[in-house]
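One file, target_23.pdb, carrying PDB, C-alpha atoms:
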ATOM      1  CA  PRO A  14      82.912 123.962  43.934  1.00  0.00           C
ATOM      2  CA  GLY A  15      79.726 125.921  43.875  1.00  0.00           C
ATOM      3  CA  SER A  16      80.726 128.449  46.553  1.00  0.00           C
ATOM      4  CA  ASP A  17      79.099 131.803  45.919  1.00  0.00           C
ATOM      5  CA  ASN A  18      79.892 133.654  49.133  1.00  0.00           C
ATOM      6  CA  ILE A  19      83.125 134.641  50.801  1.00  0.00           C
ATOM      7  CA  THR A  20      81.910 133.078  54.044  1.00  0.00           C
ATOM      8  CA  ASP A  21      82.121 129.735  52.292  1.00  0.00           C
ATOM      9  CA  CYS A  22      85.875 130.131  52.632  1.00  0.00           C
ATOM     10  CA  ARG A  23      86.721 128.456  55.946  1.00  0.00           C
ATOM     11  CA  CYS A  24      90.032 128.180  57.734  1.00  0.00           C
ATOM     12  CA  ASN A  25      91.920 124.931  57.332  1.00  0.00           C
ATOM     13  CA  ALA A  26      92.894 122.647  60.201  1.00  0.00           C
ATOM     14  CA  GLY A  27      95.777 124.249  62.065  1.00  0.00           C
ATOM     15  CA  TYR A  28      94.469 127.758  61.346  1.00  0.00           C
ATOM     16  CA  SER A  29      91.784 129.802  63.053  1.00  0.00           C
ATOM     17  CA  GLY A  30      89.675 132.771  62.023  1.00  0.00           C
ATOM     18  CA  PRO A  31      86.160 133.785  60.984  1.00  0.00           C
ATOM     19  CA  ASP A  32      84.591 132.243  57.896  1.00  0.00           C
ATOM     20  CA  GLY A  33      85.598 134.423  54.972  1.00  0.00           C
ATOM     21  CA  GLY A  34      88.226 136.227  57.045  1.00  0.00           C
ATOM     22  CA  ALA A  35      91.946 136.013  57.630  1.00  0.00           C
ATOM     23  CA  CYS A  36      93.174 132.641  58.900  1.00  0.00           C
ATOM     24  CA  VAL A  37      95.963 132.731  61.475  1.00  0.00           C
ATOM     25  CA  ALA A  38      98.164 129.721  62.196  1.00  0.00           C
ATOM     26  CA  CYS A  39      97.852 128.138  65.615  1.00  0.00           C
ATOM     27  CA  GLN A  40     100.844 129.148  67.697  1.00  0.00           C
ATOM     28  CA  LEU A  41     103.290 126.777  69.299  1.00  0.00           C
ATOM     29  CA  GLY A  42     101.661 124.752  72.066  1.00  0.00           C
ATOM     30  CA  TYR A  43      98.227 124.906  70.366  1.00  0.00           C
ATOM     31  CA  PHE A  44      96.425 122.850  67.742  1.00  0.00           C
ATOM     32  CA  LYS A  45      93.209 122.719  65.728  1.00  0.00           C
ATOM     33  CA  ARG A  46      91.852 119.647  63.955  1.00  0.00           C
ATOM     34  CA  PRO A  47      88.587 120.677  62.264  1.00  0.00           C
ATOM     35  CA  VAL A  48      88.111 123.009  59.295  1.00  0.00           C
ATOM     36  CA  GLY A  49      86.203 126.173  60.218  1.00  0.00           C
ATOM     37  CA  SER A  50      86.197 129.088  62.592  1.00  0.00           C
ATOM     38  CA  ALA A  51      86.873 127.187  65.824  1.00  0.00           C
ATOM     39  CA  GLU A  52      89.650 128.529  68.003  1.00  0.00           C
ATOM     40  CA  CYS A  53      92.982 126.802  68.438  1.00  0.00           C
ATOM     41  CA  VAL A  54      93.123 124.528  71.519  1.00  0.00           C
ATOM     42  CA  ILE A  55      95.933 124.515  74.054  1.00  0.00           C
ATOM     43  CA  CYS A  56      97.922 121.286  74.373  1.00  0.00           C
ATOM     44  CA  SER A  57      97.178 119.339  77.560  1.00  0.00           C
ATOM     45  CA  PRO A  58      99.742 118.573  80.267  1.00  0.00           C
ATOM     46  CA  GLY A  59     102.088 115.866  79.034  1.00  0.00           C
ATOM     47  CA  GLU A  60     101.888 117.069  75.415  1.00  0.00           C
ATOM     48  CA  TYR A  61     103.583 119.630  73.192  1.00  0.00           C
ATOM     49  CA  ALA A  62     103.200 121.148  69.704  1.00  0.00           C
ATOM     50  CA  ASP A  63     106.479 122.381  68.247  1.00  0.00           C
ATOM     51  CA  GLN A  64     105.178 123.513  64.852  1.00  0.00           C
ATOM     52  CA  LEU A  65     102.976 126.424  63.864  1.00  0.00           C
ATOM     53  CA  ALA A  66      99.600 125.377  62.454  1.00  0.00           C
ATOM     54  CA  SER A  67      99.673 122.014  64.277  1.00  0.00           C
ATOM     55  CA  VAL A  68      96.642 119.785  63.896  1.00  0.00           C
ATOM     56  CA  ASN A  69      97.667 117.532  66.836  1.00  0.00           C
ATOM     57  CA  CYS A  70      99.787 117.662  69.946  1.00  0.00           C
ATOM     58  CA  THR A  71     102.550 115.112  70.551  1.00  0.00           C
ATOM     59  CA  ASN A  72     102.812 113.113  73.755  1.00  0.00           C
ATOM     60  CA  CYS A  73     105.919 113.502  75.863  1.00  0.00           C
ATOM     61  CA  THR A  74     108.178 110.490  76.147  1.00  0.00           C
ATOM     62  CA  ASP A  75     107.375 107.893  78.804  1.00  0.00           C
ATOM     63  CA  ASN A  76     107.934 108.998  82.407  1.00  0.00           C
ATOM     64  CA  ALA A  77     107.996 112.685  81.495  1.00  0.00           C
ATOM     65  CA  HIS A  78     105.477 115.500  81.709  1.00  0.00           C
ATOM     66  CA  SER A  79     104.983 119.054  80.460  1.00  0.00           C
ATOM     67  CA  LEU A  80     102.894 122.063  81.371  1.00  0.00           C
ATOM     68  CA  PRO A  81      99.806 123.029  79.366  1.00  0.00           C
ATOM     69  CA  GLY A  82     100.672 124.862  76.143  1.00  0.00           C
ATOM     70  CA  SER A  83     104.201 123.453  75.802  1.00  0.00           C
ATOM     71  CA  GLY A  84     105.761 124.293  72.456  1.00  0.00           C
ATOM     72  CA  ASP A  85     108.888 122.155  72.331  1.00  0.00           C
ATOM     73  CA  ILE A  86     109.959 118.612  73.168  1.00  0.00           C
ATOM     74  CA  THR A  87     112.436 120.040  75.688  1.00  0.00           C
ATOM     75  CA  ASP A  88     109.450 121.303  77.665  1.00  0.00           C
ATOM     76  CA  CYS A  89     108.920 117.642  78.619  1.00  0.00           C
ATOM     77  CA  TRP A  90     110.741 117.105  81.916  1.00  0.00           C
ATOM     78  CA  CYS A  91     111.579 113.724  83.419  1.00  0.00           C
ATOM     79  CA  ASN A  92     109.317 112.893  86.352  1.00  0.00           C
ATOM     80  CA  ALA A  93     110.587 112.537  89.902  1.00  0.00           C
ATOM     81  CA  GLY A  94     112.166 109.104  90.198  1.00  0.00           C
ATOM     82  CA  TYR A  95     113.369 109.249  86.586  1.00  0.00           C
ATOM     83  CA  THR A  96     116.359 110.997  85.061  1.00  0.00           C
ATOM     84  CA  GLY A  97     117.450 112.167  81.635  1.00  0.00           C
ATOM     85  CA  PRO A  98     117.758 115.264  79.458  1.00  0.00           C
ATOM     86  CA  ASP A  99     114.764 117.546  78.943  1.00  0.00           C
ATOM     87  CA  GLY A 100     112.807 115.891  76.158  1.00  0.00           C
ATOM     88  CA  GLY A 101     113.866 112.393  77.220  1.00  0.00           C
ATOM     89  CA  PRO A 102     114.456 109.539  77.287  1.00  0.00           C
ATOM     90  CA  CYS A 103     113.823 109.183  81.021  1.00  0.00           C
ATOM     91  CA  PRO A 104     115.039 105.901  82.546  1.00  0.00           C
ATOM     92  CA  ALA A 105     114.159 105.091  86.147  1.00  0.00           C
ATOM     93  CA  CYS A 106     116.517 105.597  89.049  1.00  0.00           C
ATOM     94  CA  VAL A 107     117.844 102.175  90.065  1.00  0.00           C
ATOM     95  CA  PRO A 108     117.271 100.632  93.519  1.00  0.00           C
ATOM     96  CA  GLY A 109     119.554 102.331  96.028  1.00  0.00           C
ATOM     97  CA  GLU A 110     119.039 105.696  94.350  1.00  0.00           C
ATOM     98  CA  TYR A 111     116.293 108.343  94.289  1.00  0.00           C
ATOM     99  CA  LYS A 112     115.277 111.636  92.677  1.00  0.00           C
ATOM    100  CA  PRO A 113     112.756 113.891  94.459  1.00  0.00           C
ATOM    101  CA  LEU A 114     112.036 116.515  91.780  1.00  0.00           C
ATOM    102  CA  ASN A 115     111.037 116.737  88.142  1.00  0.00           C
ATOM    103  CA  GLY A 116     113.720 117.694  85.641  1.00  0.00           C
ATOM    104  CA  SER A 117     117.062 116.605  84.257  1.00  0.00           C
ATOM    105  CA  ALA A 118     118.974 116.217  87.536  1.00  0.00           C
ATOM    106  CA  ASN A 119     120.819 112.961  88.147  1.00  0.00           C
ATOM    107  CA  CYS A 120     119.542 110.373  90.584  1.00  0.00           C
ATOM    108  CA  SER A 121     121.108 110.610  94.042  1.00  0.00           C
ATOM    109  CA  ILE A 122     122.542 107.733  96.071  1.00  0.00           C
ATOM    110  CA  CYS A 123     120.877 106.791  99.363  1.00  0.00           C
ATOM    111  CA  LEU A 124     123.190 107.500 102.292  1.00  0.00           C
ATOM    112  CA  GLU A 125     124.198 105.129 105.075  1.00  0.00           C
ATOM    113  CA  GLY A 126     121.273 104.181 107.292  1.00  0.00           C
ATOM    114  CA  ARG A 127     118.852 104.550 104.364  1.00  0.00           C
ATOM    115  CA  TYR A 128     117.781 102.530 101.337  1.00  0.00           C
ATOM    116  CA  SER A 129     115.441 102.491  98.344  1.00  0.00           C
ATOM    117  CA  PRO A 130     113.954  99.076  97.543  1.00  0.00           C
ATOM    118  CA  ALA A 131     112.707  99.496  93.967  1.00  0.00           C
ATOM    119  CA  PRO A 132     113.284 101.515  90.788  1.00  0.00           C
ATOM    120  CA  ALA A 133     111.890 105.035  90.335  1.00  0.00           C
ATOM    121  CA  GLN A 134     111.965 106.036  94.001  1.00  0.00           C
ATOM    122  CA  THR A 135     111.450 109.692  94.912  1.00  0.00           C
ATOM    123  CA  ALA A 136     112.956 109.334  98.407  1.00  0.00           C
ATOM    124  CA  CYS A 137     115.056 106.937 100.456  1.00  0.00           C
ATOM    125  CA  GLN A 138     113.520 105.030 103.331  1.00  0.00           C
ATOM    126  CA  ILE A 139     115.188 104.881 106.726  1.00  0.00           C
ATOM    127  CA  CYS A 140     116.395 101.739 108.444  1.00  0.00           C
ATOM    128  CA  THR A 141     114.098 101.065 111.429  1.00  0.00           C
ATOM    129  CA  PRO A 142     115.128  99.793 114.889  1.00  0.00           C
ATOM    130  CA  GLY A 143     116.673  96.346 114.612  1.00  0.00           C
ATOM    131  CA  PHE A 144     118.140  97.042 111.168  1.00  0.00           C
ATOM    132  CA  PHE A 145     121.236  98.869 109.931  1.00  0.00           C
ATOM    133  CA  GLN A 146     123.012  99.831 106.723  1.00  0.00           C
ATOM    134  CA  ASN A 147     126.651 100.913 106.678  1.00  0.00           C
ATOM    135  CA  PHE A 148     126.993 101.267 102.900  1.00  0.00           C
ATOM    136  CA  THR A 149     125.581 103.867 100.510  1.00  0.00           C
ATOM    137  CA  GLY A 150     123.398 103.113  97.502  1.00  0.00           C
ATOM    138  CA  GLN A 151     121.697 100.053  98.976  1.00  0.00           C
ATOM    139  CA  SER A 152     118.269  98.544  98.253  1.00  0.00           C
ATOM    140  CA  ALA A 153     117.642  97.082 101.734  1.00  0.00           C
ATOM    141  CA  CYS A 154     118.723  97.257 105.356  1.00  0.00           C
ATOM    142  CA  THR A 155     120.350  94.372 107.232  1.00  0.00           C
ATOM    143  CA  GLU A 156     119.111  92.802 110.465  1.00  0.00           C
ATOM    144  CA  CYS A 157     121.290  93.235 113.509  1.00  0.00           C
ATOM    145  CA  PRO A 158     123.013  89.897 114.222  1.00  0.00           C
ATOM    146  CA  TYR A 159     122.344  87.797 117.305  1.00  0.00           C
ATOM    147  CA  LEU A 160     123.204  89.627 120.550  1.00  0.00           C
ATOM    148  CA  TRP A 161     123.505  92.955 118.728  1.00  0.00           C
ATOM    149  CA  PHE A 162     120.825  95.642 118.705  1.00  0.00           C
ATOM    150  CA  THR A 163     119.797  99.166 117.740  1.00  0.00           C
ATOM    151  CA  GLU A 164     116.867 101.109 119.155  1.00  0.00           C
ATOM    152  CA  ARG A 165     117.262 104.018 116.732  1.00  0.00           C
ATOM    153  CA  ASN A 166     116.153 104.816 113.225  1.00  0.00           C
ATOM    154  CA  GLU A 167     118.686 105.364 110.445  1.00  0.00           C
ATOM    155  CA  THR A 168     121.337 103.239 112.141  1.00  0.00           C
ATOM    156  CA  VAL A 169     124.720 102.701 110.515  1.00  0.00           C
ATOM    157  CA  LEU A 170     126.025 100.056 112.957  1.00  0.00           C
ATOM    158  CA  CYS A 171     124.380  97.916 115.642  1.00  0.00           C
ATOM    159  CA  GLU A 172     125.635  97.846 119.230  1.00  0.00           C
ATOM    160  CA  PRO A 173     126.555  94.743 121.231  1.00  0.00           C
ATOM    161  CA  CYS A 174     124.062  93.599 123.845  1.00  0.00           C
ATOM    162  CA  ASN A 175     125.108  93.788 127.498  1.00  0.00           C
ATOM    163  CA  ILE A 176     124.947  90.225 128.817  1.00  0.00           C
ATOM    164  CA  THR A 177     126.550  90.776 132.231  1.00  0.00           C
ATOM    165  CA  GLN A 178     124.646  89.974 135.397  1.00  0.00           C
ATOM    166  CA  CYS A 179     122.737  92.776 137.089  1.00  0.00           C
ATOM    167  CA  GLU A 180     122.794  93.902 140.715  1.00  0.00           C
ATOM    168  CA  ILE A 181     121.352  91.777 143.516  1.00  0.00           C
ATOM    169  CA  GLY A 182     117.583  91.540 143.133  1.00  0.00           C
ATOM    170  CA  GLU A 183     117.632  92.319 139.422  1.00  0.00           C
ATOM    171  CA  TYR A 184     117.732  90.376 136.189  1.00  0.00           C
ATOM    172  CA  ARG A 185     118.385  91.452 132.634  1.00  0.00           C
ATOM    173  CA  LEU A 186     115.554  91.589 130.108  1.00  0.00           C
ATOM    174  CA  PRO A 187     116.171  89.713 126.861  1.00  0.00           C
ATOM    175  CA  CYS A 188     118.103  91.655 124.227  1.00  0.00           C
ATOM    176  CA  TYR A 189     116.328  91.734 120.876  1.00  0.00           C
ATOM    177  CA  ARG A 190     117.746  93.286 117.737  1.00  0.00           C
ATOM    178  CA  TRP A 191     115.490  96.335 118.267  1.00  0.00           C
ATOM    179  CA  GLN A 192     115.724  96.577 122.080  1.00  0.00           C
ATOM    180  CA  HIS A 193     118.570  96.596 124.592  1.00  0.00           C
ATOM    181  CA  GLY A 194     118.175  94.199 127.519  1.00  0.00           C
ATOM    182  CA  GLU A 195     118.054  96.483 130.560  1.00  0.00           C
ATOM    183  CA  CYS A 196     118.212  95.407 134.191  1.00  0.00           C
ATOM    184  CA  THR A 197     114.851  95.240 135.947  1.00  0.00           C
ATOM    185  CA  SER A 198     113.721  94.141 139.404  1.00  0.00           C
ATOM    186  CA  CYS A 199     112.889  90.529 140.136  1.00  0.00           C
ATOM    187  CA  ASP A 200     109.265  90.258 141.304  1.00  0.00           C
ATOM    188  CA  LYS A 201     108.962  86.806 142.900  1.00  0.00           C
ATOM    189  CA  LYS A 202     110.223  87.586 146.408  1.00  0.00           C
ATOM    190  CA  PRO A 203     107.721  86.666 149.161  1.00  0.00           C
ATOM    191  CA  VAL A 204     106.907  89.067 151.989  1.00  0.00           C
ATOM    192  CA  GLY A 205     109.492  88.987 154.741  1.00  0.00           C
ATOM    193  CA  THR A 206     112.371  88.031 152.503  1.00  0.00           C
ATOM    194  CA  GLU A 207     115.244  89.802 150.833  1.00  0.00           C
ATOM    195  CA  TYR A 208     117.178  89.087 147.669  1.00  0.00           C
ATOM    196  CA  THR A 209     120.675  87.678 147.941  1.00  0.00           C
ATOM    197  CA  HIS A 210     121.583  87.184 144.264  1.00  0.00           C
ATOM    198  CA  PRO A 211     120.789  88.555 140.813  1.00  0.00           C
ATOM    199  CA  GLY A 212     119.000  86.483 138.200  1.00  0.00           C
ATOM    200  CA  ASP A 213     120.954  83.404 137.177  1.00  0.00           C
ATOM    201  CA  PRO A 214     121.184  82.889 134.215  1.00  0.00           C
ATOM    202  CA  TYR A 215     121.438  86.648 133.774  1.00  0.00           C
ATOM    203  CA  ASP A 216     118.123  86.927 131.874  1.00  0.00           C
ATOM    204  CA  GLN A 217     115.913  84.917 134.260  1.00  0.00           C
ATOM    205  CA  ASN A 218     113.483  86.322 136.850  1.00  0.00           C
ATOM    206  CA  ASN A 219     114.731  83.897 139.501  1.00  0.00           C
ATOM    207  CA  CYS A 220     116.741  85.961 141.982  1.00  0.00           C
ATOM    208  CA  ARG A 221     117.469  83.930 145.133  1.00  0.00           C
ATOM    209  CA  PHE A 222     116.224  85.302 148.441  1.00  0.00           C
ATOM    210  CA  ARG A 223     116.276  84.639 152.223  1.00  0.00           C
ATOM    211  CA  CYS A 224     114.215  85.613 155.216  1.00  0.00           C
ATOM    212  CA  THR A 225     115.090  89.015 156.581  1.00  0.00           C
ATOM    213  CA  SER A 226     115.341  87.456 160.063  1.00  0.00           C
ATOM    214  CA  GLY A 227     118.118  85.208 158.865  1.00  0.00           C
ATOM    215  CA  ASP A 228     115.943  82.082 159.102  1.00  0.00           C
ATOM    216  CA  LEU A 229     115.538  79.759 156.166  1.00  0.00           C
ATOM    217  CA  PHE A 230     112.438  80.410 154.124  1.00  0.00           C
ATOM    218  CA  SER A 231     109.944  77.576 153.975  1.00  0.00           C
ATOM    219  CA  ASP A 232     107.485  77.616 151.086  1.00  0.00           C
ATOM    220  CA  PRO A 233     104.105  76.328 152.346  1.00  0.00           C
ATOM    221  CA  ASP A 234     103.228  75.182 148.847  1.00  0.00           C
ATOM    222  CA  THR A 235     106.094  72.702 148.717  1.00  0.00           C
TER     223      THR A 235
END
Encoding of this model in structure tokens:
Amino acid sequence: PGSDNITDCRCNAGYSGPDGGACVACQLGYFKRPVGSAECVICSPGEYADQLASVNCTNCTDNAHSLPGSGDITDCWCNAGYTGPDGGPCPACVPGEYKPLNGSANCSICLEGRYSPAPAQTACQICTPGFFQNFTGQSACTECPYLWFTERNETVLCEPCNITQCEIGEYRLPCYRWQHGECTSCDKKPVGTEYTHPGDPYDQNNCRFRCTSGDLFSDPDT
């Protein structure tokens, strides 16, 4: 009421144009809230506007995103680690599965020697030395059992430790689940002596020795 000039005619929300001029609807992916000559505003990432003359943008469903200026709910893609149709819903990949990229692709199962410990994983983790996994789609690796080991990453099966005695003058290092017990030289032989036996038990640095002259060795400290 009381307007006496064409410029008093202003574009409604959802439309843009000069005061007194033609008002054009905001296109898909844009919105405009105030009345007046302001320009339409592009929807932010994670939003969309699927109607002409929109006064608001709509948020994508949880765990999905869209590019700026998206004009349809199907422009909302499930995030990496989540799966579902474009537009949602987007449930998380379960433990033992992963999804590296955005979009509607299914979650993939972790292969043997790998695992994913929690929901919504974007990659599988590898089993480290001392651990193995011989099944697919698992949420954890398993420790090598006693007297079994693996020194490698991404192991499917552990290997048995070698617990045989070594050569004369050597003993076997302890076998841990992440390290094979190799033979190594005993280091307690006095000068002028030679080894006559390997370590006994096999993993003890206690190789027996004798004098190189054939005489019995006498330890001055005893």
Skip segment 190-207 of chain A itself and residues of its chain fewer than 5 positions away, then list as a JSON list (two decimals) with C-alpha atoms, keeping the file's coordinate frame all residues within 7 Å of it, counting only C-alpha atoms.
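This went into result_13.json:
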[["chain", "number", "residue", "atom", "x", "y", "z"],
["A", 142, "PRO", "CA", 115.13, 99.79, 114.89],
["A", 143, "GLY", "CA", 116.67, 96.35, 114.61],
["A", 157, "CYS", "CA", 121.29, 93.24, 113.51],
["A", 161, "TRP", "CA", 123.50, 92.96, 118.73],
["A", 162, "PHE", "CA", 120.82, 95.64, 118.70],
["A", 163, "THR", "CA", 119.80, 99.17, 117.74],
["A", 164, "GLU", "CA", 116.87, 101.11, 119.16],
["A", 174, "CYS", "CA", 124.06, 93.60, 123.84],
["A", 175, "ASN", "CA", 125.11, 93.79, 127.50],
["A", 179, "CYS", "CA", 122.74, 92.78, 137.09],
["A", 182, "GLY", "CA", 117.58, 91.54, 143.13],
["A", 183, "GLU", "CA", 117.63, 92.32, 139.42],
["A", 184, "TYR", "CA", 117.73, 90.38, 136.19],
["A", 185, "ARG", "CA", 118.38, 91.45, 132.63],
["A", 218, "ASN", "CA", 113.48, 86.32, 136.85],
["A", 219, "ASN", "CA", 114.73, 83.90, 139.50],
["A", 220, "CYS", "CA", 116.74, 85.96, 141.98],
["A", 222, "PHE", "CA", 116.22, 85.30, 148.44],
["A", 223, "ARG", "CA", 116.28, 84.64, 152.22],
["A", 224, "CYS", "CA", 114.22, 85.61, 155.22],
["A", 225, "THR", "CA", 115.09, 89.02, 156.58]]
Fill in: For atom CA of Gly27 of chain A and atom CA of Cys91 of chain A, the interatomic separation in Å (one decimal)
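Going from atom CA of Gly27 of chain A over to atom CA of Cys91 of chain A, I get 28.6 Å.
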Rounded to one decimal place, report the atom CA of Ala66 of chain A-atom CA of Gly116 of chain A distance in Å.
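Distance between the two atoms: 28.2 Å.
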Here atom CA of Thr71 of chain A and atom CA of Cys89 of chain A stand apart by 10.6 Å
Looking at all atoms listed in the file, which of A:Leu170, A:Ile86, A:Ile139, A:Ala131 is the one that sits closest to Glu110 of chain A?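 Checking each of A:Leu170, A:Ile86, A:Ile139, A:Ala131 against Glu110 of chain A, counting all atoms listed in the file, the winner is A:Ala131.
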- Query: Residues at most 9 Å from Gln151 of chain A, counting only C-alpha atoms, excluding those fewer than 5 positions away in the same chain, as a list in words?
  - Reply: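 The residues that qualify are Pro108, Gly109, Glu110, Ile122, Cys123, Leu124, Glu125, Arg127, Tyr128, Ser129, Pro130 and Gln146 of chain A.
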Residue nearest Ile55 of chain A among A:Ser83, A:Thr74, A:Tyr95, A:Gly34 (counting all atoms listed in the file):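 Going through A:Ser83, A:Thr74, A:Tyr95, A:Gly34 one by one, the smallest distance to Ile55 of chain A is for A:Ser83.
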Residue list as a PDB file with C-alpha atoms, keeping the file's coordinate frame for point (105.9, 126.6, 69.2), cut-off 10 Å, only C-alpha atoms:
ATOM      1  CA  CYS A  39      97.852 128.138  65.615  1.00  0.00           C
ATOM      2  CA  GLN A  40     100.844 129.148  67.697  1.00  0.00           C
ATOM      3  CA  LEU A  41     103.290 126.777  69.299  1.00  0.00           C
ATOM      4  CA  GLY A  42     101.661 124.752  72.066  1.00  0.00           C
ATOM      5  CA  TYR A  43      98.227 124.906  70.366  1.00  0.00           C
ATOM      6  CA  TYR A  61     103.583 119.630  73.192  1.00  0.00           C
ATOM      7  CA  ALA A  62     103.200 121.148  69.704  1.00  0.00           C
ATOM      8  CA  ASP A  63     106.479 122.381  68.247  1.00  0.00           C
ATOM      9  CA  GLN A  64     105.178 123.513  64.852  1.00  0.00           C
ATOM     10  CA  LEU A  65     102.976 126.424  63.864  1.00  0.00           C
ATOM     11  CA  ALA A  66      99.600 125.377  62.454  1.00  0.00           C
ATOM     12  CA  SER A  67      99.673 122.014  64.277  1.00  0.00           C
ATOM     13  CA  GLY A  82     100.672 124.862  76.143  1.00  0.00           C
ATOM     14  CA  SER A  83     104.201 123.453  75.802  1.00  0.00           C
ATOM     15  CA  GLY A  84     105.761 124.293  72.456  1.00  0.00           C
ATOM     16  CA  ASP A  85     108.888 122.155  72.331  1.00  0.00           C
ATOM     17  CA  ILE A  86     109.959 118.612  73.168  1.00  0.00           C
TER      18      ILE A  86
END
Among A:Cys22, A:Leu80, A:Cys140, A:Val68, Glu156 of chain A is approached most closely, using all atoms listed in the file, by A:Cys140
Which centre and edge lengths in Å to one decimal define the box along x, y and z that fits every listed atom of segment 54-72 of chain A plus 4 Å per side, as lines of an AutoDock Vina configuration file?
center_x = 99.8
center_y = 119.8
center_z = 71.4
size_x = 21.4
size_y = 21.3
size_z = 25.8
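Using the PyMOL selection byres ((chain A and resi 30) around 12) on the file at hand returns these residues: Thr20, Cys22, Arg23, Cys24, Asn25, Ala26, Gly27, Tyr28, Ser29, Pro31, Asp32, Gly33, Gly34, Ala35, Cys36, Val37, Ala38, Cys39, Lys45, Val48, Gly49, Ser50, Ala51, Glu52 and Cys53 of chain A.
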For the selection just defined, write its residues with C-alpha atoms to a file, as a PDB file, in the coordinates of the input.
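Printed below is out_14.pdb as written:
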ATOM      1  CA  THR A  20      81.910 133.078  54.044  1.00  0.00           C
ATOM      2  CA  CYS A  22      85.875 130.131  52.632  1.00  0.00           C
ATOM      3  CA  ARG A  23      86.721 128.456  55.946  1.00  0.00           C
ATOM      4  CA  CYS A  24      90.032 128.180  57.734  1.00  0.00           C
ATOM      5  CA  ASN A  25      91.920 124.931  57.332  1.00  0.00           C
ATOM      6  CA  ALA A  26      92.894 122.647  60.201  1.00  0.00           C
ATOM      7  CA  GLY A  27      95.777 124.249  62.065  1.00  0.00           C
ATOM      8  CA  TYR A  28      94.469 127.758  61.346  1.00  0.00           C
ATOM      9  CA  SER A  29      91.784 129.802  63.053  1.00  0.00           C
ATOM     10  CA  PRO A  31      86.160 133.785  60.984  1.00  0.00           C
ATOM     11  CA  ASP A  32      84.591 132.243  57.896  1.00  0.00           C
ATOM     12  CA  GLY A  33      85.598 134.423  54.972  1.00  0.00           C
ATOM     13  CA  GLY A  34      88.226 136.227  57.045  1.00  0.00           C
ATOM     14  CA  ALA A  35      91.946 136.013  57.630  1.00  0.00           C
ATOM     15  CA  CYS A  36      93.174 132.641  58.900  1.00  0.00           C
ATOM     16  CA  VAL A  37      95.963 132.731  61.475  1.00  0.00           C
ATOM     17  CA  ALA A  38      98.164 129.721  62.196  1.00  0.00           C
ATOM     18  CA  CYS A  39      97.852 128.138  65.615  1.00  0.00           C
ATOM     19  CA  LYS A  45      93.209 122.719  65.728  1.00  0.00           C
ATOM     20  CA  VAL A  48      88.111 123.009  59.295  1.00  0.00           C
ATOM     21  CA  GLY A  49      86.203 126.173  60.218  1.00  0.00           C
ATOM     22  CA  SER A  50      86.197 129.088  62.592  1.00  0.00           C
ATOM     23  CA  ALA A  51      86.873 127.187  65.824  1.00  0.00           C
ATOM     24  CA  GLU A  52      89.650 128.529  68.003  1.00  0.00           C
ATOM     25  CA  CYS A  53      92.982 126.802  68.438  1.00  0.00           C
TER      26      CYS A  53
END
| request: Write out as a ChimeraX atom specification which residues come within 8 Å of Ala77 of chain A when counting only C-alpha atoms, dropping same-chain ones fewer than 6 positions away. | output: /A:59,89-92,100-101,103
Please, could N, CA and C atoms be added to segment 115-126 of chain A and the result written as a PDB file, in the coordinates of the input?
ATOM      1  N   ASN A 115     111.088 116.849  89.595  1.00  0.00           N
ATOM      2  CA  ASN A 115     111.037 116.737  88.142  1.00  0.00           C
ATOM      3  C   ASN A 115     112.242 117.444  87.526  1.00  0.00           C
ATOM      4  N   GLY A 116     112.644 117.005  86.341  1.00  0.00           N
ATOM      5  CA  GLY A 116     113.720 117.694  85.641  1.00  0.00           C
ATOM      6  C   GLY A 116     114.842 116.761  85.235  1.00  0.00           C
ATOM      7  N   SER A 117     115.948 117.357  84.841  1.00  0.00           N
ATOM      8  CA  SER A 117     117.062 116.605  84.257  1.00  0.00           C
ATOM      9  C   SER A 117     118.153 116.258  85.261  1.00  0.00           C
ATOM     10  N   ALA A 118     117.951 116.521  86.530  1.00  0.00           N
ATOM     11  CA  ALA A 118     118.974 116.217  87.536  1.00  0.00           C
ATOM     12  C   ALA A 118     119.242 114.719  87.595  1.00  0.00           C
ATOM     13  N   ASN A 119     120.461 114.365  87.992  1.00  0.00           N
ATOM     14  CA  ASN A 119     120.819 112.961  88.147  1.00  0.00           C
ATOM     15  C   ASN A 119     120.134 112.369  89.378  1.00  0.00           C
ATOM     16  N   CYS A 120     120.011 111.058  89.386  1.00  0.00           N
ATOM     17  CA  CYS A 120     119.542 110.373  90.584  1.00  0.00           C
ATOM     18  C   CYS A 120     120.615 110.491  91.665  1.00  0.00           C
ATOM     19  N   SER A 121     120.188 110.525  92.903  1.00  0.00           N
ATOM     20  CA  SER A 121     121.108 110.610  94.042  1.00  0.00           C
ATOM     21  C   SER A 121     121.187 109.261  94.745  1.00  0.00           C
ATOM     22  N   ILE A 122     122.327 108.996  95.367  1.00  0.00           N
ATOM     23  CA  ILE A 122     122.542 107.733  96.071  1.00  0.00           C
ATOM     24  C   ILE A 122     122.019 107.852  97.503  1.00  0.00           C
ATOM     25  N   CYS A 123     121.327 106.826  97.973  1.00  0.00           N
ATOM     26  CA  CYS A 123     120.877 106.791  99.363  1.00  0.00           C
ATOM     27  C   CYS A 123     122.097 106.701 100.280  1.00  0.00           C
ATOM     28  N   LEU A 124     122.076 107.464 101.358  1.00  0.00           N
ATOM     29  CA  LEU A 124     123.190 107.500 102.292  1.00  0.00           C
ATOM     30  C   LEU A 124     123.137 106.309 103.256  1.00  0.00           C
ATOM     31  N   GLU A 125     124.176 106.171 104.053  1.00  0.00           N
ATOM     32  CA  GLU A 125     124.198 105.129 105.075  1.00  0.00           C
ATOM     33  C   GLU A 125     122.991 105.283 106.003  1.00  0.00           C
ATOM     34  N   GLY A 126     122.442 104.161 106.420  1.00  0.00           N
ATOM     35  CA  GLY A 126     121.273 104.181 107.292  1.00  0.00           C
ATOM     36  C   GLY A 126     119.967 104.340 106.537  1.00  0.00           C
TER      37      GLY A 126
END
